[in-house]
Every structure is written in C-alpha cells, then in structure tokens.
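S.K.: Structure: start-v1.cif, mmCIF, C-alpha atoms.
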```cif
data_upload
#
loop_
_atom_site.label_atom_id
_atom_site.label_comp_id
_atom_site.auth_asym_id
_atom_site.auth_seq_id
_atom_site.Cartn_x
_atom_site.Cartn_y
_atom_site.Cartn_z
CA MET A 1 4.93 14.32 -25.51
CA THR A 2 5.94 13.17 -22.07
CA GLY A 3 3.40 11.84 -19.59
CA PRO A 4 2.70 13.23 -16.14
CA ALA A 5 5.80 13.21 -13.96
CA LEU A 6 5.48 11.28 -10.72
CA ARG A 7 7.58 11.71 -7.60
CA ALA A 8 7.58 9.55 -4.47
CA ALA A 9 9.19 10.01 -1.07
CA ILE A 10 9.24 7.30 1.59
CA VAL A 11 8.58 8.39 5.18
CA PRO A 12 8.88 5.54 7.73
CA VAL A 13 6.22 5.77 10.46
CA THR A 14 5.19 4.02 13.70
CA PRO A 15 7.40 1.75 15.85
CA LEU A 16 6.90 -0.87 13.11
CA GLN A 17 8.83 1.32 10.61
CA GLN A 18 6.11 1.18 7.98
CA ASN A 19 6.94 2.87 4.67
CA CYS A 20 4.37 5.64 4.25
CA THR A 21 4.75 7.11 0.74
CA LEU A 22 4.22 10.73 -0.22
CA LEU A 23 3.20 10.55 -3.88
CA TRP A 24 2.75 13.58 -6.12
CA GLY A 25 2.75 14.89 -9.67
CA THR A 26 5.30 17.58 -10.52
CA ASN A 27 2.91 19.30 -12.96
CA THR A 28 0.26 20.01 -10.34
CA MET A 29 2.13 19.56 -7.01
CA LEU A 30 -0.99 17.77 -5.81
CA GLY A 31 -0.30 14.61 -3.84
CA ALA A 32 -1.52 11.75 -1.69
CA PHE A 33 -0.19 9.89 1.29
CA VAL A 34 -0.23 6.12 0.81
CA ASP A 35 -0.62 4.26 4.12
CA PRO A 36 -0.22 7.08 6.69
CA GLY A 37 -0.24 4.79 9.72
CA GLY A 38 0.97 7.33 12.27
CA ASP A 39 3.53 10.04 13.13
CA LEU A 40 1.34 12.68 11.53
CA PRO A 41 3.58 15.68 12.41
CA ARG A 42 6.41 13.99 10.48
CA LEU A 43 4.11 13.47 7.48
CA ARG A 44 2.84 17.04 7.52
CA ALA A 45 6.45 18.26 7.59
CA ALA A 46 7.38 16.02 4.65
CA ALA A 47 4.53 17.41 2.53
CA ALA A 48 5.40 20.99 3.46
CA GLN A 49 9.08 20.47 2.66
CA ALA A 50 8.22 19.05 -0.77
CA GLY A 51 5.71 21.85 -1.42
CA VAL A 52 2.93 19.31 -2.00
CA THR A 53 -0.78 19.92 -1.39
CA ILE A 54 -2.38 16.69 -0.14
CA GLU A 55 -5.70 15.95 -1.85
CA LYS A 56 -6.39 12.41 -0.64
CA ILE A 57 -5.22 9.39 1.33
CA LEU A 58 -4.74 6.01 -0.36
CA LEU A 59 -4.64 2.73 1.60
CA THR A 60 -3.29 -0.67 0.59
CA HIS A 61 -4.81 -2.60 3.51
CA GLY A 62 -6.31 -2.37 6.96
CA HIS A 63 -3.41 -3.17 9.30
CA ILE A 64 -2.70 -0.76 12.16
CA ASP A 65 0.77 0.36 10.98
CA HIS A 66 -0.65 1.26 7.56
CA CYS A 67 -3.87 3.03 8.50
CA GLY A 68 -4.18 3.48 12.27
CA SER A 69 -4.16 7.29 11.98
CA ALA A 70 -5.64 7.55 8.48
CA GLY A 71 -9.09 8.60 9.65
CA ILE A 72 -7.67 11.23 12.01
CA PHE A 73 -5.39 12.58 9.27
CA ALA A 74 -8.19 12.71 6.70
CA GLU A 75 -10.31 14.78 9.12
CA GLU A 76 -7.44 17.15 9.85
CA LEU A 77 -6.65 17.66 6.16
CA GLY A 78 -10.26 17.61 4.96
CA VAL A 79 -9.51 14.98 2.32
CA PRO A 80 -11.10 11.65 1.31
CA ILE A 81 -9.72 8.16 1.93
CA GLU A 82 -9.69 5.70 -0.99
CA GLY A 83 -9.02 2.02 -0.33
CA PRO A 84 -8.53 -0.65 0.62
CA HIS A 85 -10.92 -3.34 -0.72
CA GLU A 86 -13.99 -3.80 1.47
CA GLU A 87 -12.86 -7.30 2.50
CA ASP A 88 -10.52 -5.50 4.96
CA ARG A 89 -13.36 -3.75 6.76
CA PHE A 90 -12.99 -6.10 9.75
CA TRP A 91 -9.36 -4.97 10.20
CA ILE A 92 -10.34 -1.30 10.15
CA ASP A 93 -13.14 -1.95 12.65
CA ARG A 94 -10.60 -3.31 15.18
CA LEU A 95 -7.97 -0.55 14.83
CA ALA A 96 -8.48 0.79 18.37
CA GLU A 97 -8.01 -2.68 19.87
CA ASP A 98 -4.95 -3.43 17.69
CA GLY A 99 -3.50 -0.01 18.49
CA GLN A 100 -3.41 -0.84 22.19
CA LYS A 101 -1.67 -4.13 21.38
CA TYR A 102 1.06 -2.55 19.23
CA GLY A 103 1.42 0.82 20.95
CA VAL A 104 0.17 2.68 17.87
CA LEU A 105 -2.73 5.13 17.83
CA GLY A 106 -5.63 3.47 16.05
CA ARG A 107 -9.11 4.74 15.25
CA PRO A 108 -11.71 3.04 13.04
CA PHE A 109 -13.04 4.99 10.04
CA GLU A 110 -15.12 4.56 6.91
CA PRO A 111 -13.25 5.18 3.63
CA SER A 112 -14.86 7.55 1.14
CA ARG A 113 -14.39 4.82 -1.46
CA TRP A 114 -13.66 1.11 -1.24
CA LEU A 115 -11.56 -0.13 -4.16
CA SER A 116 -11.88 -3.19 -6.38
CA ASP A 117 -9.62 -4.88 -8.91
CA GLY A 118 -9.49 -2.86 -12.12
CA ASP A 119 -10.42 0.46 -10.50
CA GLN A 120 -8.32 3.57 -11.00
CA VAL A 121 -7.40 6.36 -8.59
CA THR A 122 -6.15 9.81 -9.46
CA VAL A 123 -3.55 11.98 -7.75
CA GLY A 124 -3.52 15.37 -9.43
CA ASP A 125 -3.02 14.56 -13.12
CA LEU A 126 -1.65 11.07 -12.36
CA THR A 127 -3.80 7.96 -12.82
CA LEU A 128 -2.91 4.78 -10.96
CA ASP A 129 -4.33 1.33 -11.62
CA VAL A 130 -5.70 -0.70 -8.71
CA ARG A 131 -5.08 -4.43 -8.39
CA HIS A 132 -6.73 -6.52 -5.69
CA CYS A 133 -3.98 -8.73 -4.23
CA PRO A 134 -5.36 -10.80 -1.33
CA GLY A 135 -3.32 -13.24 0.74
CA HIS A 136 -1.67 -11.06 3.39
CA THR A 137 -5.11 -9.62 4.10
CA PRO A 138 -8.27 -10.40 2.12
CA GLY A 139 -8.79 -6.79 1.04
CA HIS A 140 -5.21 -5.81 0.14
CA VAL A 141 -4.80 -3.65 -2.97
CA VAL A 142 -1.73 -2.50 -4.94
CA PHE A 143 -1.36 0.81 -6.79
CA HIS A 144 0.47 0.82 -10.15
CA HIS A 145 1.59 3.77 -12.30
CA PRO A 146 2.60 2.11 -15.59
CA GLN A 147 4.15 5.25 -17.12
CA SER A 148 6.63 5.45 -14.23
CA ASN A 149 7.18 1.68 -13.87
CA LEU A 150 6.31 2.05 -10.20
CA ALA A 151 4.05 0.00 -7.92
CA LEU A 152 3.11 0.54 -4.28
CA VAL A 153 2.63 -2.97 -2.97
CA GLY A 154 2.03 -2.61 0.78
CA ASP A 155 2.81 -5.92 2.49
CA VAL A 156 2.25 -8.26 -0.47
CA ILE A 157 5.94 -8.59 -1.34
CA PHE A 158 9.25 -7.30 0.03
CA ARG A 159 12.84 -7.37 -1.14
CA GLY A 160 13.73 -11.01 -0.54
CA SER A 161 10.49 -11.94 1.19
CA VAL A 162 6.68 -11.87 1.03
CA GLY A 163 3.90 -10.76 3.35
CA ARG A 164 2.83 -12.87 6.31
CA TRP A 165 -0.21 -15.07 5.80
CA ASP A 166 -0.73 -16.16 9.43
CA PHE A 167 -3.07 -13.30 10.30
CA PRO A 168 -6.87 -13.80 10.32
CA ARG A 169 -8.07 -14.59 6.77
CA GLY A 170 -4.52 -14.70 5.41
CA ASP A 171 -3.83 -17.36 2.78
CA GLN A 172 -0.42 -18.46 1.49
CA GLN A 173 -1.60 -19.88 -1.83
CA GLN A 174 -3.75 -16.81 -2.47
CA LEU A 175 -0.74 -14.56 -1.73
CA ILE A 176 1.47 -16.44 -4.21
CA ARG A 177 -1.30 -16.31 -6.80
CA SER A 178 -1.71 -12.56 -6.30
CA ILE A 179 2.02 -12.00 -6.83
CA THR A 180 2.40 -14.20 -9.88
CA THR A 181 -0.84 -13.27 -11.66
CA ARG A 182 -1.29 -9.61 -10.65
CA LEU A 183 2.22 -8.27 -10.03
CA TRP A 184 4.56 -10.14 -12.39
CA PRO A 185 2.58 -9.03 -15.48
CA MET A 186 3.45 -5.41 -14.58
CA GLY A 187 6.92 -6.22 -15.92
CA ASP A 188 10.39 -7.10 -14.62
CA GLU A 189 11.51 -3.47 -14.91
CA THR A 190 8.78 -2.26 -12.52
CA ALA A 191 10.19 -0.95 -9.25
CA PHE A 192 8.11 -1.33 -6.12
CA ILE A 193 7.83 0.41 -2.76
CA PRO A 194 6.98 -2.20 -0.11
CA GLY A 195 5.35 -1.57 3.25
CA HIS A 196 8.64 -2.24 5.05
CA GLY A 197 12.30 -2.24 4.07
CA PRO A 198 14.07 -1.25 0.84
CA MET A 199 12.67 -0.99 -2.67
CA SER A 200 13.27 -3.64 -5.32
CA THR A 201 12.05 -4.58 -8.78
CA PHE A 202 9.79 -7.44 -9.83
CA GLY A 203 12.58 -8.74 -12.07
CA HIS A 204 15.01 -8.90 -9.15
CA GLU A 205 12.45 -10.77 -7.05
CA ARG A 206 11.66 -13.23 -9.84
CA ALA A 207 15.38 -13.98 -10.04
CA THR A 208 16.16 -14.18 -6.32
CA ASN A 209 13.12 -14.27 -4.02
CA PRO A 210 13.15 -17.54 -2.02
CA PHE A 211 9.34 -17.58 -1.72
CA VAL A 212 8.05 -16.53 -5.16
CA GLY A 213 11.11 -16.41 -7.42
CA ASP A 214 10.84 -18.43 -10.64
CA ALA A 215 13.26 -21.08 -9.36
CA ALA A 216 11.47 -21.39 -6.00
CA LEU A 217 8.09 -21.86 -7.63
CA ALA A 218 9.44 -24.33 -10.21
CA ALA A 219 10.81 -26.45 -7.36
CA ALA A 220 7.59 -26.30 -5.34
#
```
Go through the file and emit its structure as structure tokens.
M.R.:
Amino acid sequence: MTGPALRAAIVPVTPLQQNCTLLWGTNTMLGAFVDPGGDLPRLRAAAAQAGVTIEKILLTHGHIDHCGSAGIFAEELGVPIEGPHEEDRFWIDRLAEDGQKYGVLGRPFEPSRWLSDGDQVTVGDLTLDVRHCPGHTPGHVVFHHPQSNLALVGDVIFRGSVGRWDFPRGDQQQLIRSITTRLWPMGDETAFIPGHGPMSTFGHERATNPFVGDAALAAA
C-alpha cells in the first residue's frame, strides 16, 4: 500500500525572491502555502492552476520575506497559520517596520498555533514532522515529510551555503548544531526546498557545503 502522495510547487515571491512553496496531497487536493511572504495574487493563481484548496498556512520563521503577508492571506482565505516557534514572536511583531525597510508589505499577526520540536502538522492526509532549528532565527522550524524524502528548511541551509546568523538573536554555533543534529539524521537522500535558490539534498551538502559539509566540519 502506497502512502499519501505529496506534491510541491515553488513560487518565488517578494523582491527578495523567497521560495514560497505550495504543498498538497494528490489524494485530497488539500494544500498549504509554506512561507507566503507576499505577491498574493501570484500565489492565488498558482493554487487555482493546480486545483488545490488551501486549508492552512505554514511558517518556518518570522522574517519579512517569509511571512510579511501571511496574516493578510490567512484572513482572506479564512485559514489558520501554524508556526513558527514562539521564539520568533519578536520578528513577527516588527513586520510593519521591517516591511518599510525592505519594500515588502508587512503586517504583524498571531499564529493560530506556535510549533515546537517534535510537533506534527497535517496538510490534507499528509503528516509532516516539525523540527526546531534555531541559529538563523531563534524560532526557526523545518517541516519534514519522511515518506517523500522531502524537507522544507526555510533559511537554515541552502545549496552551497547556510543561513545568515548576523541578525538579532542569530547564532552560528547553534545554526551548525541544528543542521548536523536535526537535519542530517533525516538522511542523505532527503531533498530540501530552501528559502532561496535551488533545491539540493542533504547528502550533496554533506559532501560539498563549505560551511557544514563533513570535510569542512572535520577541519574546523
């Protein structure tokens, strides 16, 4: 018996070209937007084109390009917001101020549910595991669907790079620890959608990433 079939489509949004992901199950055609930072007409069109009914919004962290328009979108769609971890509340509280700085619409909101390490979220008949991965921001979470070997990692890790740690309450050592203890155990074959740029796999990053690859960490 096969498990629930997952589909994902990446829709870049905002001037910062943030990878918003439309995630859905093919059995139910129910879906979620992960990190809908802006460009809501484009996102609505993507869901309509795929024939997906959006039932919730999932957030990896509180930065403007990932969640500036999340509260507005949730109101328009009449759906809940789940995530990030409550340690990112201070980022969400300053969305309007950060929006002016980056030229992105930002409005503070209160998620329906803050997430913690070990929680699970559902999208239709899909169940995703939640891992708390601080370092880029203190409340950053990652969503993992083991059956599909897919993770949505926000700005924790990128193809060939890692998230910045020079923002308020960022921490380089914490970021490296999150990657090596929370992401690597998901398996080398696991593909990930980052918050910016192309997809990769954890195995490829372990072999080549100059920040957290096995060779880089052994030499540190």
S.K.: Can you list what the PyMOL selection byres ((chain A and resi 103) around 12) grabs from this structure, as a PDB file with C-alpha atoms, keeping the file's coordinate frame?
M.R.:
```pdb
ATOM      1  CA  THR A  14       5.190   4.020  13.700  1.00  0.00           C
ATOM      2  CA  PRO A  15       7.400   1.750  15.850  1.00  0.00           C
ATOM      3  CA  LEU A  16       6.900  -0.870  13.110  1.00  0.00           C
ATOM      4  CA  GLY A  38       0.970   7.330  12.270  1.00  0.00           C
ATOM      5  CA  ILE A  64      -2.700  -0.760  12.160  1.00  0.00           C
ATOM      6  CA  ASP A  65       0.770   0.360  10.980  1.00  0.00           C
ATOM      7  CA  GLY A  68      -4.180   3.480  12.270  1.00  0.00           C
ATOM      8  CA  LEU A  95      -7.970  -0.550  14.830  1.00  0.00           C
ATOM      9  CA  ALA A  96      -8.480   0.790  18.370  1.00  0.00           C
ATOM     10  CA  GLU A  97      -8.010  -2.680  19.870  1.00  0.00           C
ATOM     11  CA  ASP A  98      -4.950  -3.430  17.690  1.00  0.00           C
ATOM     12  CA  GLY A  99      -3.500  -0.010  18.490  1.00  0.00           C
ATOM     13  CA  GLN A 100      -3.410  -0.840  22.190  1.00  0.00           C
ATOM     14  CA  LYS A 101      -1.670  -4.130  21.380  1.00  0.00           C
ATOM     15  CA  TYR A 102       1.060  -2.550  19.230  1.00  0.00           C
ATOM     16  CA  VAL A 104       0.170   2.680  17.870  1.00  0.00           C
ATOM     17  CA  LEU A 105      -2.730   5.130  17.830  1.00  0.00           C
ATOM     18  CA  GLY A 106      -5.630   3.470  16.050  1.00  0.00           C
TER      19      GLY A 106
END
```
S.K.: Rank A:Gly71, A:Pro134, A:Pro198, A:Pro111 by their smallest atom-to-atom distance to A:Thr181, using only C-alpha atoms, and report the top residue only.
M.R.: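 Of all the options, A:Pro134 lies closest to A:Thr181.
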S.K.: Which one of A:His132, A:Arg44, A:Arg107, A:Lys56 sits closest to A:His85 if you count only C-alpha atoms?
M.R.: A:His132
S.K.: Once the PyMOL selection byres ((chain A and resi 124) around 12) has been evaluated on this model, what residues remain selected, and can you format them as a VMD selection string?
M.R.: chain A and resid 4 to 7 23 to 32 52 to 56 121 to 123 125 to 128
S.K.: Using atom CA of A:Ile57 and atom CA of A:Gly187 as the two end points, give the distance in Å to one decimal.
M.R.: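 Taking atom CA of A:Ile57 and atom CA of A:Gly187, their separation equals 26.2 Å.
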S.K.: Identify all residues satisfying the PyMOL selection byres ((chain A and resi 195) around 9) in the given file; provide them as a compact mmCIF listing (two decimals) with C-alpha atoms, keeping the file's coordinate frame.
M.R.:
```txt
# COMPACT_ATOMS: atom_id res chain seq x y z
CA GLN A 17 8.83 1.32 10.61
CA GLN A 18 6.11 1.18 7.98
CA ASN A 19 6.94 2.87 4.67
CA CYS A 20 4.37 5.64 4.25
CA ASP A 35 -0.62 4.26 4.12
CA HIS A 66 -0.65 1.26 7.56
CA LEU A 152 3.11 0.54 -4.28
CA VAL A 153 2.63 -2.97 -2.97
CA GLY A 154 2.03 -2.61 0.78
CA ASP A 155 2.81 -5.92 2.49
CA VAL A 156 2.25 -8.26 -0.47
CA ILE A 157 5.94 -8.59 -1.34
CA PHE A 158 9.25 -7.30 0.03
CA ILE A 193 7.83 0.41 -2.76
CA PRO A 194 6.98 -2.20 -0.11
CA HIS A 196 8.64 -2.24 5.05
CA GLY A 197 12.30 -2.24 4.07
```
S.K.: Give me, as number ranges by chain, all polymer residues having an atom no more than 9 Å from A:Thr201, counting all atoms listed in the file and skipping those fewer than 4 positions away in the same chain.
M.R.: A: 150, 159, 187-193, 205-206
S.K.: Rounded to one decimal place, report the atom CA of A:Arg164-atom CA of A:Pro84 distance in Å.
M.R.: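 The value is 17.6 Å.
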S.K.: Nearest to A:Phe167 among A:Glu76, A:Leu183, A:Glu110, A:Pro138, with distances taken over all atoms listed in the file: which residue is it?
M.R.: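 Going through A:Glu76, A:Leu183, A:Glu110, A:Pro138 one by one, the smallest distance to A:Phe167 is for A:Pro138.
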S.K.: A:Arg131, A:His136, A:His144, A:Arg89: which is nearest A:Gln174, counting all atoms listed in the file?
M.R.: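 Selected residue with least distance to A:Gln174: A:His136.
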S.K.: What separation in Å, quoted to one decimal, exists between atom CA of A:Ser112 and atom CA of A:Gly78?
M.R.: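 So the answer is 11.7 Å.
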